[in-house]
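Peer 1: Just passing along the structure, written as structure tokens.
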2 protein chains.
Amino acid sequence: MQLIKYPPRSEWDSILVRPSLDTASLFGLVQNILDDVRRNGDKAVFEYERKFDCVSLQSLKVSDKEIQQARQAVPEALKQAVYLAKRNIEMFHATQKRDFQKVETCPGVTCWQKASPIEKVGLYVPGGTAPLFSTVLMLALPARIAGCKEIILCSPPDKDGQIHPAILFAAETAGVTDIFKIGGVQAVASMAYGTESVPKVYKIFGPGNQYVTAAKQLVSLKDVAIDMPAGPSEVQVIADETANPAFVAADLLSQAEHGVDSQSMLVTTSEKLVFDVSEQIDIQLFDLPRREIAEKSLINSKIILFDTLRDVVDFTNAYAPEHLIIETKNYHEIAEQITNAGSVFLGHYTPESAGDYASGTNHTLPTNGYAKAYSGVNLDSFIKKITFQEITEDGIDRIGPAIEIMAATELLDAHKNAVTLRLRTGNRKSSNCK
Amino acid sequence: MQLIKYPPRSEWDSILVRPSLDTASLFGLVQNILDDVRRNGDKAVFEYERKFDCVSLQSLKVSDKEIQQARQAVPEALKQAVYLAKRNIEMFHATQKRDFQKVETCPGVTCWQKASPIEKVGLYVPGGTAPLFSTVLMLALPARIAGCKEIILCSPPDKDGQIHPAILFAAETAGVTDIFKIGGVQAVASMAYGTESVPKVYKIFGPGNQYVTAAKQLVSLKDVAIDMPAGPSEVQVIADETANPAFVAADLLSQAEHGVDSQSMLVTTSEKLVFDVSEQIDIQLFDLPRREIAEKSLINSKIILFDTLRDVVDFTNAYAPEHLIIETKNYHEIAEQITNAGSVFLGHYTPESAGDYASGTNHTLPTNGYAKAYSGVNLDSFIKKITFQEITEDGIDRIGPAIEIMAATELLDAHKNAVTLRLRTGNRKSSNCK
């Protein structure tokens with residue numbers, strides 16, 4: 001990790017530069033695959049599965065029998081862990097439901113919002129060596145609570161044409177409607193356009209490699225909504241002299257093992273902690289199976305020493321970390337000043353891992369500074385709000401003259417006319433809501 | 001308007017095809033302008049203003065004196081109308097504030113959300129013949145209520161280097177921080193990257209022509225968030241034999257006058273109404289200043305006659321109209337079944353114009369079927385939700401073992417380790433939240 005001591009604010013911008021992710025160079029290649037799937041449907045998907053996942057599939061859809069076998073293959077202890085995570089994720093996301101109130105903005109003019117679930121959503125879960133079944137829970141459970149009718153899931157099969165049992169079990173447990181053995185760009189295309197096997201959806205969620213990210217970006221331009229733009233994962237730890245250096249080191253490493261482009265940042269006012277944490281990182285790194293990845297990722301990672309809490313807070317809000325762990329004495333005081341972050345972990349016993357799996361919060365979060373403008377996935381991600389308004393004859397008399405003059409100023413006479421025709425003769429000459 | 005009688009469901013897809021908007025062909029040209037402004041800042045912006053808006057500006061920022069002059073130039077009646085609209089828009093959007101509750105998902109594990117305003121937002125308001133000052137109100141007022149600190153506005157100047165007084169007056173009234181005389185792609189670029197004059201923002205809102213749309217799409221790929229993808233405006237009217245044909249015709253025309261690619265749809269179960277509305281359209285068209293635009297737009301527009309209310313509702317949800325006006329006897333009954341729409345206008349005295357200007361609802365809405373996945377602009381558009389979690393020693397003991405087994409299954413040992421280190425010796429062997 002790079003150690004940066006007391007940087008002046010003029011240098012912050014350069015410290016805050018993240019490992020970049022340029023997907024635009026992939027757009028040509030990715031667009032070709034998207035177009036092919038749009039035109040040729042399942043046939044194209046089968047071919048790309050042969051080409052990219054090296055597997056000849058008989059069917060894209062996972063059968064009931066395969067799901068049943070997965071259920072038997074998953075160890076009981078893991079099942080119990082999934083049930084606990086499910087319980088907590090459901091409990092937290094259920095609190096995000098809300099009521100909408102009607103408001104009479106003017107006598108006879110009533111306005112309100114109604115939440116309506118997105119009818120069809122598609123979830124993408126990457127394959128590879130590690131089965132990210134936790135992401136299945138994080139996406140499918142809120143979709144179910146929101147009331148989405150169709151929740152489909154695509155995940156790449158292994159060379160034997162199988163999806164990892166933990167993913168299938170999590171999907172079944174979380175209420176996914178249909179599961180398809182499709183990976184990469186062809187999965188995004190299938191969900192965006194629909195094929196003979198895969199229903200078209202209205203919004204696509206989930207992580208993926210740079211090809212999947214590029215595909216999601218391209219289809220989001222006009223075909224389908226997506227959860228949020230993606231970037232490499234990251235954590236920032238704020239710690240003071242009360243922090244346990246072993247905990248802090250473990251938290252930084254748990255981010256570093258994600259991928260070589262992950263970023264771990266430690267921001268502190270304690271010079272002693274810098275030394276102790278560095279020592280702990282060396283000790284803990286030694287035993288990690290993903291040591292090589294973590295070591296490379298730590299090259300991108302920084303320890304920044306500041307004089308004041310003000311600097312710590314301002315720097316954090318400028319970085320807008322995906323994950324922020326505050327391991328200080330007065331962590332509530334700092335938390336109140338955080339305006340840009342994805343998910344915040346408070347105190348010495350709240351590791352990021354807790355939110356990654358089982359505290360109840362969502363782990364699909366804005367990276368790359370997107371936390372300045374985006375929320376992480378939450379119940380609202382699966383809902384759209386429709387506005388309604390109902391106006392009486394008295395109501396239109398009251399606001400009509402204002403509408404007429406505004407429409408006329410915008411040179412939209414037909415807009416004006418739609419009001420004029422509805423006004424009663426002898427109506428008020430000017431608007432009045434009081 | 002094209003009349004389509006009792007179409008079978010197999011034909012709906014082709015009826016639902018919208019006038020297309022293909023911005024991808026503009027990406028090359030638009031990207032060059034974006035890159036130029038990113039590299040050369042104000043200098044590039046001044047040049048594009050000369051080139052595209054045919055004006056040599058001394059300064060990009062609108063001065064206090066210009067705002068003062070605008071205030072004097074706006075007629076008192078228009079000011080009063082703007083105040084009324086402001087009042088209603090504020091009242092409705094203020095009801096969208098919400099409280100977030102803390103929830104203990106497991107003893108010792110507390111999770112909550114906090115709303116945090118997007119610090120810097122940029123609004124784009126098109127120029128041209130008609131000054132769309134109503135859009136200023138629709139974007140700036142919710143931004144203010146949300147608590148955004150910097151609300152900047154870009155709008156193209158006329159050949160004399162001026163922005164229409166109504167736009168300046170609305171901006172001042174709504175609490176815009178700074179106004180800039182910049183139009184088109186160079187405006188989007190200025191807000192996305194910042195220049196010497198224009199601060200960089202985190203989210204860009206507002207309508208525009210196809211170049212502005214393409215620019216917003218391109219910067220949204222990795223530089224800044226945008227409100228939503230854009231498409232031509234549209235209205236659908238559901239009417240029955242109780243509807244006033246003059247009202248229905250006026251509502252269809254108020255959409256048609258927007259632009260030649262606008263779409264107006266009438267869906268009804270009454271054959272008599274079809275005849276009466278068509279007659280009224282001919283009568284009302286005659287007097288419209290924007291008659292030529294409306295006539296062209298009506299070519300894209302359709303009247304669809306159905307047998308049953310079930311068909312009417314299903315067709316509407318499949319179309320997902322930006323604006324939906326329900327002019328029937330039992331409009332509440334239909335409204336309850338609407339799952340895909342931007343904004344809905346109920347009854348015979350609720351024209352779309354009311355929501356366009358002064359009922360209180362927002363008029364920045366999802367077009368092009370995006371209402372299946374997107375909400376219109378609302379208070380949440382200016383807010384992101386940060387999640388927090390706080391776990392006690394007892395809490396991590398309770399959920400820790402579940403996290404350990406899930407992390408191990410995902411082959412993320414450092415994630416597991418961050419929990420293991422925190423568990424007390426003699427802790428539970430398995431998780432328990434009850």
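To be explicit about the labels: the chains of the structure tokens are called A, B, and onward in the order shown, and within each one the residues are counted from 1, while ligands get numbers from 1 in the order they are shown.
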Mind checking which residues fall within 8 Å of Lys385 (chain A), counting only C-alpha atoms, ignoring those fewer than 6 positions away in the same chain, and posting them as a list in words?
Peer 2: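 Once the adjacent positions are removed, what remains is Gln113, Lys114, Ala115 and Ser116 of chain A; Gly342, Tyr374, Ser375 and Gly376 of chain B.
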Peer 1: Excluding region 150-167 of chain A and its own-chain neighbours fewer than 2 positions away, which residues fall within 8 Å of it when counting only C-alpha atoms? Please give them as a ChimeraX atom specification.
Peer 2: /A:53-57,67,69-71,73-74,119-128,131-133,136,140,143-144,148,169-171,175-184,187
Peer 1: Just the helix (DSSP H, G or I) stuff from region 179-381 of chain B, please, per backbone DSSP, written as a PyMOL selection string.
Peer 2: chain B and resi 184-193+210-220+245-256+271-286+291-299+309-319+331-335+352-357+370-372+379-381
Peer 1: Using only C-alpha atoms, which residue out of B:Glu271, B:Gly259, B:Ile118, B:Glu327 lies closest to Ile299 (chain B)?
Peer 2: B:Gly259
Peer 1: If you run DSSP on this backbone, which residues of region 193-231 of chain A come out as strand (DSSP E or B), and could you give them as a PyMOL selection string?
Peer 2: chain A and resi 203-205+225-226
Peer 1: Under the rule that only C-alpha atoms are counted, which of B:Ala354, B:Val235, B:Ala192, B:Ala408 is the nearest residue to Arg18 (chain B)?
Peer 2: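 Ranking B:Ala354, B:Val235, B:Ala192, B:Ala408 by distance to Arg18 (chain B), first place goes to B:Val235.
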Peer 1: Leaving out Ser270 (chain B) and any residue of its chain fewer than 4 positions from it, which residues lie within 12 Å of it when counting only C-alpha atoms, given as a ChimeraX atom specification?
Peer 2: /B:5-6,238-243,245,266,274-277,303-309,312,328
Peer 1: Could you dump the residues just selected with N, CA and C atoms as a short mmCIF file (atom, residue, chain, number, x, y, z; two decimals), in the first residue's frame?
Peer 2:
data_model
loop_
_atom_site.label_atom_id
_atom_site.label_comp_id
_atom_site.auth_asym_id
_atom_site.auth_seq_id
_atom_site.Cartn_x
_atom_site.Cartn_y
_atom_site.Cartn_z
N LYS B 5 -59.63 -1.04 -35.80
CA LYS B 5 -60.80 -1.59 -35.09
C LYS B 5 -60.54 -3.00 -34.60
N TYR B 6 -60.80 -3.23 -33.33
CA TYR B 6 -60.78 -4.54 -32.70
C TYR B 6 -59.57 -5.40 -33.11
N ILE B 238 -57.83 7.31 -22.77
CA ILE B 238 -58.86 6.28 -22.71
C ILE B 238 -60.18 7.02 -22.51
N ALA B 239 -61.13 6.79 -23.40
CA ALA B 239 -62.40 7.52 -23.29
C ALA B 239 -63.56 6.59 -23.58
N ASP B 240 -64.71 6.90 -23.00
CA ASP B 240 -65.92 6.14 -23.32
C ASP B 240 -67.01 7.11 -23.76
N GLU B 241 -68.24 6.63 -23.85
CA GLU B 241 -69.33 7.43 -24.40
C GLU B 241 -69.68 8.62 -23.51
N THR B 242 -69.16 8.63 -22.25
CA THR B 242 -69.43 9.79 -21.39
C THR B 242 -68.44 10.93 -21.63
N ALA B 243 -67.43 10.67 -22.44
CA ALA B 243 -66.39 11.69 -22.66
C ALA B 243 -66.91 12.81 -23.54
N PRO B 245 -66.27 14.96 -26.56
CA PRO B 245 -65.38 14.83 -27.72
C PRO B 245 -64.47 16.04 -27.92
N LEU B 266 -55.72 7.37 -29.06
CA LEU B 266 -57.04 7.31 -28.42
C LEU B 266 -57.48 5.85 -28.37
N VAL B 274 -65.39 7.83 -31.60
CA VAL B 274 -64.35 7.92 -32.63
C VAL B 274 -64.75 8.96 -33.66
N PHE B 275 -65.99 8.88 -34.11
CA PHE B 275 -66.50 9.80 -35.13
C PHE B 275 -66.50 11.24 -34.60
N ASP B 276 -67.05 11.41 -33.40
CA ASP B 276 -67.18 12.77 -32.83
C ASP B 276 -65.82 13.42 -32.57
N VAL B 277 -64.86 12.63 -32.06
CA VAL B 277 -63.54 13.18 -31.77
C VAL B 277 -62.84 13.57 -33.06
N ILE B 303 -56.16 5.76 -33.45
CA ILE B 303 -57.37 5.54 -32.66
C ILE B 303 -57.62 4.04 -32.67
N ILE B 304 -57.73 3.45 -31.51
CA ILE B 304 -57.93 2.01 -31.45
C ILE B 304 -59.23 1.70 -30.72
N LEU B 305 -60.05 0.94 -31.40
CA LEU B 305 -61.36 0.59 -30.87
C LEU B 305 -61.30 -0.83 -30.33
N PHE B 306 -61.73 -0.99 -29.07
CA PHE B 306 -61.72 -2.32 -28.46
C PHE B 306 -63.12 -2.70 -28.02
N ASP B 307 -63.32 -4.02 -27.85
CA ASP B 307 -64.59 -4.56 -27.37
C ASP B 307 -64.75 -4.41 -25.87
N THR B 308 -63.65 -4.70 -25.17
CA THR B 308 -63.78 -4.86 -23.73
C THR B 308 -62.82 -3.95 -22.97
N LEU B 309 -63.17 -3.68 -21.75
CA LEU B 309 -62.32 -2.90 -20.86
C LEU B 309 -61.02 -3.64 -20.56
N VAL B 312 -58.66 -2.82 -23.21
CA VAL B 312 -58.21 -1.43 -23.06
C VAL B 312 -57.08 -1.34 -22.03
N THR B 328 -63.43 8.61 -18.60
CA THR B 328 -64.54 7.66 -18.62
C THR B 328 -65.37 7.86 -17.36
#
Peer 1: CA of Pro199 (chain A) to CA of Val237 (chain B): how many Å, to one decimal?
Peer 2: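 Interatomic distance here is 29.1 Å.
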Peer 1: Closest to chain A among B:Glu336, B:Glu47, B:Asp251, B:Glu404, using only C-alpha atoms?
Peer 2: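 Residue with the minimum atom-to-atom distance to chain A: B:Asp251.
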Peer 1: Give the answer as one residue: which of A:Ile283, A:Ile386, A:Cys106, A:Ala335 has the shortest atom-to-atom distance to Ala358 (chain B), using only C-alpha atoms?
Peer 2: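 Under the stated criterion, the closest residue is A:Cys106.
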Peer 1: With only C-alpha atoms as the counted atoms, please give the residues lying no more than 8 Å from Lys200 (chain B), apart from itself and same-chain residues fewer than 4 positions off, as a ChimeraX atom specification.
Peer 2: /B:120,190-195
Peer 1: Emit the selected residues as an mmCIF file, in the first residue's frame, including N, CA and C atoms.
Peer 2:
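In the end it all went to again11.cif:
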data_model
loop_
_atom_site.group_PDB
_atom_site.id
_atom_site.type_symbol
_atom_site.label_atom_id
_atom_site.label_comp_id
_atom_site.auth_asym_id
_atom_site.auth_seq_id
_atom_site.Cartn_x
_atom_site.Cartn_y
_atom_site.Cartn_z
ATOM 1 N N LYS B 120 -24.480 18.285 -6.264
ATOM 2 C CA LYS B 120 -24.434 19.186 -7.417
ATOM 3 C C LYS B 120 -25.225 18.608 -8.575
ATOM 4 N N SER B 190 -20.119 20.642 -20.561
ATOM 5 C CA SER B 190 -19.684 21.572 -19.509
ATOM 6 C C SER B 190 -20.106 21.070 -18.143
ATOM 7 N N MET B 191 -21.348 20.602 -18.048
ATOM 8 C CA MET B 191 -21.851 20.136 -16.752
ATOM 9 C C MET B 191 -21.228 18.793 -16.352
ATOM 10 N N ALA B 192 -20.933 17.944 -17.337
ATOM 11 C CA ALA B 192 -20.375 16.618 -17.025
ATOM 12 C C ALA B 192 -18.919 16.708 -16.585
ATOM 13 N N TYR B 193 -18.151 17.622 -17.205
ATOM 14 C CA TYR B 193 -16.710 17.660 -16.919
ATOM 15 C C TYR B 193 -16.290 18.905 -16.148
ATOM 16 N N GLY B 194 -17.125 19.936 -16.166
ATOM 17 C CA GLY B 194 -16.741 21.212 -15.569
ATOM 18 C C GLY B 194 -15.824 21.975 -16.509
ATOM 19 N N THR B 195 -15.913 23.296 -16.464
ATOM 20 C CA THR B 195 -14.991 24.159 -17.209
ATOM 21 C C THR B 195 -14.548 25.257 -16.244
#
Peer 1: Contacts between region 88-101 of chain A and region 96-152 of chain B, please, where a residue of region 96-152 of chain B counts if it comes within 9 Å (with only C-alpha atoms); show its shortest atom pair and distance in Å to one decimal, rows by chain and ascending number, as JSON lines.
Peer 2:
{"residue": "B:Gln96", "atom": "CA", "partner": "A:Phe100", "partner_atom": "CA", "distance": 7.6}
{"residue": "B:Arg98", "atom": "CA", "partner": "A:Arg98", "partner_atom": "CA", "distance": 8.3}
{"residue": "B:Phe100", "atom": "CA", "partner": "A:Gln96", "partner_atom": "CA", "distance": 7.6}
{"residue": "B:Gln101", "atom": "CA", "partner": "A:Thr95", "partner_atom": "CA", "distance": 7.1}
{"residue": "B:Lys102", "atom": "CA", "partner": "A:Thr95", "partner_atom": "CA", "distance": 8.5}
{"residue": "B:Val103", "atom": "CA", "partner": "A:Phe92", "partner_atom": "CA", "distance": 6.6}
{"residue": "B:Glu104", "atom": "CA", "partner": "A:Phe92", "partner_atom": "CA", "distance": 8.3}
{"residue": "B:Thr105", "atom": "CA", "partner": "A:Asn88", "partner_atom": "CA", "distance": 5.2}
{"residue": "B:Cys106", "atom": "CA", "partner": "A:Asn88", "partner_atom": "CA", "distance": 7.1}
{"residue": "B:Cys111", "atom": "CA", "partner": "A:Phe92", "partner_atom": "CA", "distance": 6.9}
{"residue": "B:Trp112", "atom": "CA", "partner": "A:Phe92", "partner_atom": "CA", "distance": 7.7}
{"residue": "B:Gln113", "atom": "CA", "partner": "A:Gln96", "partner_atom": "CA", "distance": 8.5}
Peer 1: Please write the residues from the selection above to a file, keeping all heavy atoms, as a JSON list (two decimals), in the first residue's frame.
Peer 2:
[["chain", "number", "residue", "atom", "x", "y", "z"],
["B", 96, "GLN", "N", -43.29, 13.97, -0.79],
["B", 96, "GLN", "CA", -42.50, 12.79, -1.16],
["B", 96, "GLN", "C", -41.30, 12.57, -0.23],
["B", 96, "GLN", "O", -40.60, 11.58, -0.35],
["B", 96, "GLN", "CB", -42.04, 12.92, -2.62],
["B", 96, "GLN", "CG", -43.23, 12.95, -3.57],
["B", 96, "GLN", "CD", -42.87, 13.34, -4.99],
["B", 96, "GLN", "OE1", -41.74, 13.19, -5.43],
["B", 96, "GLN", "NE2", -43.84, 13.85, -5.75],
["B", 98, "ARG", "N", -39.49, 11.36, 3.06],
["B", 98, "ARG", "CA", -39.86, 10.21, 3.87],
["B", 98, "ARG", "C", -38.89, 10.02, 5.02],
["B", 98, "ARG", "O", -37.75, 10.46, 4.98],
["B", 98, "ARG", "CB", -39.90, 8.96, 3.00],
["B", 98, "ARG", "CG", -38.57, 8.69, 2.32],
["B", 98, "ARG", "CD", -38.69, 7.60, 1.30],
["B", 98, "ARG", "NE", -38.87, 6.32, 1.93],
["B", 98, "ARG", "CZ", -38.64, 5.16, 1.31],
["B", 98, "ARG", "NH1", -38.26, 5.13, 0.06],
["B", 98, "ARG", "NH2", -38.80, 4.01, 1.94],
["B", 100, "PHE", "N", -36.92, 7.25, 7.46],
["B", 100, "PHE", "CA", -36.40, 5.89, 7.36],
["B", 100, "PHE", "C", -36.33, 5.30, 8.75],
["B", 100, "PHE", "O", -35.87, 5.95, 9.69],
["B", 100, "PHE", "CB", -35.02, 5.90, 6.72],
["B", 100, "PHE", "CG", -35.05, 6.37, 5.30],
["B", 100, "PHE", "CD1", -34.71, 7.68, 4.98],
["B", 100, "PHE", "CD2", -35.44, 5.51, 4.29],
["B", 100, "PHE", "CE1", -34.75, 8.12, 3.67],
["B", 100, "PHE", "CE2", -35.48, 5.95, 2.98],
["B", 100, "PHE", "CZ", -35.14, 7.25, 2.67],
["B", 101, "GLN", "N", -36.77, 4.07, 8.89],
["B", 101, "GLN", "CA", -36.75, 3.47, 10.20],
["B", 101, "GLN", "C", -35.54, 2.55, 10.38],
["B", 101, "GLN", "O", -35.09, 1.91, 9.43],
["B", 101, "GLN", "CB", -38.06, 2.71, 10.47],
["B", 101, "GLN", "CG", -38.43, 1.71, 9.40],
["B", 101, "GLN", "CD", -39.74, 1.00, 9.69],
["B", 101, "GLN", "OE1", -40.67, 1.00, 8.91],
["B", 101, "GLN", "NE2", -39.77, 0.34, 10.86],
["B", 102, "LYS", "N", -35.01, 2.53, 11.57],
["B", 102, "LYS", "CA", -33.95, 1.57, 11.90],
["B", 102, "LYS", "C", -34.60, 0.23, 12.18],
["B", 102, "LYS", "O", -35.68, 0.16, 12.74],
["B", 102, "LYS", "CB", -33.19, 2.02, 13.15],
["B", 102, "LYS", "CG", -32.29, 3.22, 12.93],
["B", 102, "LYS", "CD", -31.33, 3.43, 14.09],
["B", 102, "LYS", "CE", -30.45, 4.63, 13.80],
["B", 102, "LYS", "NZ", -29.37, 4.80, 14.81],
["B", 103, "VAL", "N", -33.94, -0.85, 11.76],
["B", 103, "VAL", "CA", -34.50, -2.16, 12.06],
["B", 103, "VAL", "C", -33.38, -3.05, 12.61],
["B", 103, "VAL", "O", -32.26, -3.05, 12.11],
["B", 103, "VAL", "CB", -35.16, -2.79, 10.80],
["B", 103, "VAL", "CG1", -34.19, -2.91, 9.65],
["B", 103, "VAL", "CG2", -35.75, -4.15, 11.13],
["B", 104, "GLU", "N", -33.69, -3.76, 13.67],
["B", 104, "GLU", "CA", -32.74, -4.71, 14.23],
["B", 104, "GLU", "C", -33.05, -6.06, 13.58],
["B", 104, "GLU", "O", -34.01, -6.75, 13.95],
["B", 104, "GLU", "CB", -32.89, -4.77, 15.76],
["B", 104, "GLU", "CG", -31.68, -5.36, 16.43],
["B", 104, "GLU", "CD", -31.70, -5.19, 17.95],
["B", 104, "GLU", "OE1", -32.75, -4.81, 18.50],
["B", 104, "GLU", "OE2", -30.67, -5.45, 18.60],
["B", 105, "THR", "N", -32.28, -6.41, 12.56],
["B", 105, "THR", "CA", -32.59, -7.63, 11.80],
["B", 105, "THR", "C", -32.29, -8.86, 12.63],
["B", 105, "THR", "O", -32.85, -9.93, 12.39],
["B", 105, "THR", "CB", -31.77, -7.68, 10.49],
["B", 105, "THR", "OG1", -30.38, -7.52, 10.82],
["B", 105, "THR", "CG2", -32.18, -6.58, 9.53],
["B", 106, "CYS", "N", -31.43, -8.70, 13.59],
["B", 106, "CYS", "CA", -30.99, -9.80, 14.45],
["B", 106, "CYS", "C", -30.53, -9.10, 15.73],
["B", 106, "CYS", "O", -30.04, -7.97, 15.63],
["B", 106, "CYS", "CB", -29.82, -10.49, 13.73],
["B", 106, "CYS", "SG", -29.19, -11.99, 14.47],
["B", 111, "CYS", "N", -29.80, -2.02, 11.08],
["B", 111, "CYS", "CA", -29.60, -1.52, 9.71],
["B", 111, "CYS", "C", -30.57, -0.36, 9.45],
["B", 111, "CYS", "O", -31.69, -0.36, 9.94],
["B", 111, "CYS", "CB", -29.89, -2.61, 8.69],
["B", 111, "CYS", "SG", -28.91, -4.12, 8.90],
["B", 112, "TRP", "N", -30.13, 0.62, 8.67],
["B", 112, "TRP", "CA", -31.02, 1.70, 8.26],
["B", 112, "TRP", "C", -30.52, 2.38, 6.99],
["B", 112, "TRP", "O", -29.38, 2.16, 6.56],
["B", 112, "TRP", "CB", -31.23, 2.70, 9.38],
["B", 112, "TRP", "CG", -30.04, 3.52, 9.80],
["B", 112, "TRP", "CD1", -29.73, 4.79, 9.39],
["B", 112, "TRP", "CD2", -29.00, 3.15, 10.72],
["B", 112, "TRP", "NE1", -28.58, 5.22, 10.00],
["B", 112, "TRP", "CE2", -28.10, 4.24, 10.82],
["B", 112, "TRP", "CE3", -28.73, 2.00, 11.47],
["B", 112, "TRP", "CZ2", -26.95, 4.22, 11.63],
["B", 112, "TRP", "CZ3", -27.59, 1.97, 12.27],
["B", 112, "TRP", "CH2", -26.72, 3.08, 12.35],
["B", 113, "GLN", "N", -31.42, 3.15, 6.40],
["B", 113, "GLN", "CA", -31.08, 3.97, 5.24],
["B", 113, "GLN", "C", -31.09, 5.43, 5.66],
["B", 113, "GLN", "O", -31.85, 5.83, 6.54],
["B", 113, "GLN", "CB", -32.14, 3.82, 4.14],
["B", 113, "GLN", "CG", -32.19, 2.48, 3.43],
["B", 113, "GLN", "CD", -33.31, 2.46, 2.40],
["B", 113, "GLN", "OE1", -34.48, 2.58, 2.75],
["B", 113, "GLN", "NE2", -32.95, 2.32, 1.14]]
Peer 1: Find the distance between CA of Pro19 (chain B) and CA of Ile403 (chain A) and write it in Å to one decimal.
Peer 2: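 Distance reported for this atom pair: 28.6 Å.
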Peer 1: Could you name the residues that touch Lys372 (chain B) at 12 Å or less, counting only C-alpha atoms, but leaving out those on the same chain fewer than 3 positions away, as a ChimeraX atom specification?
Peer 2: /A:116-121,148,201-203,223-225,382-386 /B:316-322,338-342,365-369,375-376
Peer 1: Expressed in Å to a single decimal, how great is the separation between CA of Glu393 (chain B) and CA of Pro107 (chain B)?
Peer 2: 10.3 Å
Peer 1: For each of A:Leu298, A:Ile204, A:Val377, A:Met228, take the minimum atom-to-atom distance to Thr364 (chain A), counting only C-alpha atoms, then give the residue where this is smallest.
Peer 2: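 Ranking A:Leu298, A:Ile204, A:Val377, A:Met228 by distance to Thr364 (chain A), first place goes to A:Val377.
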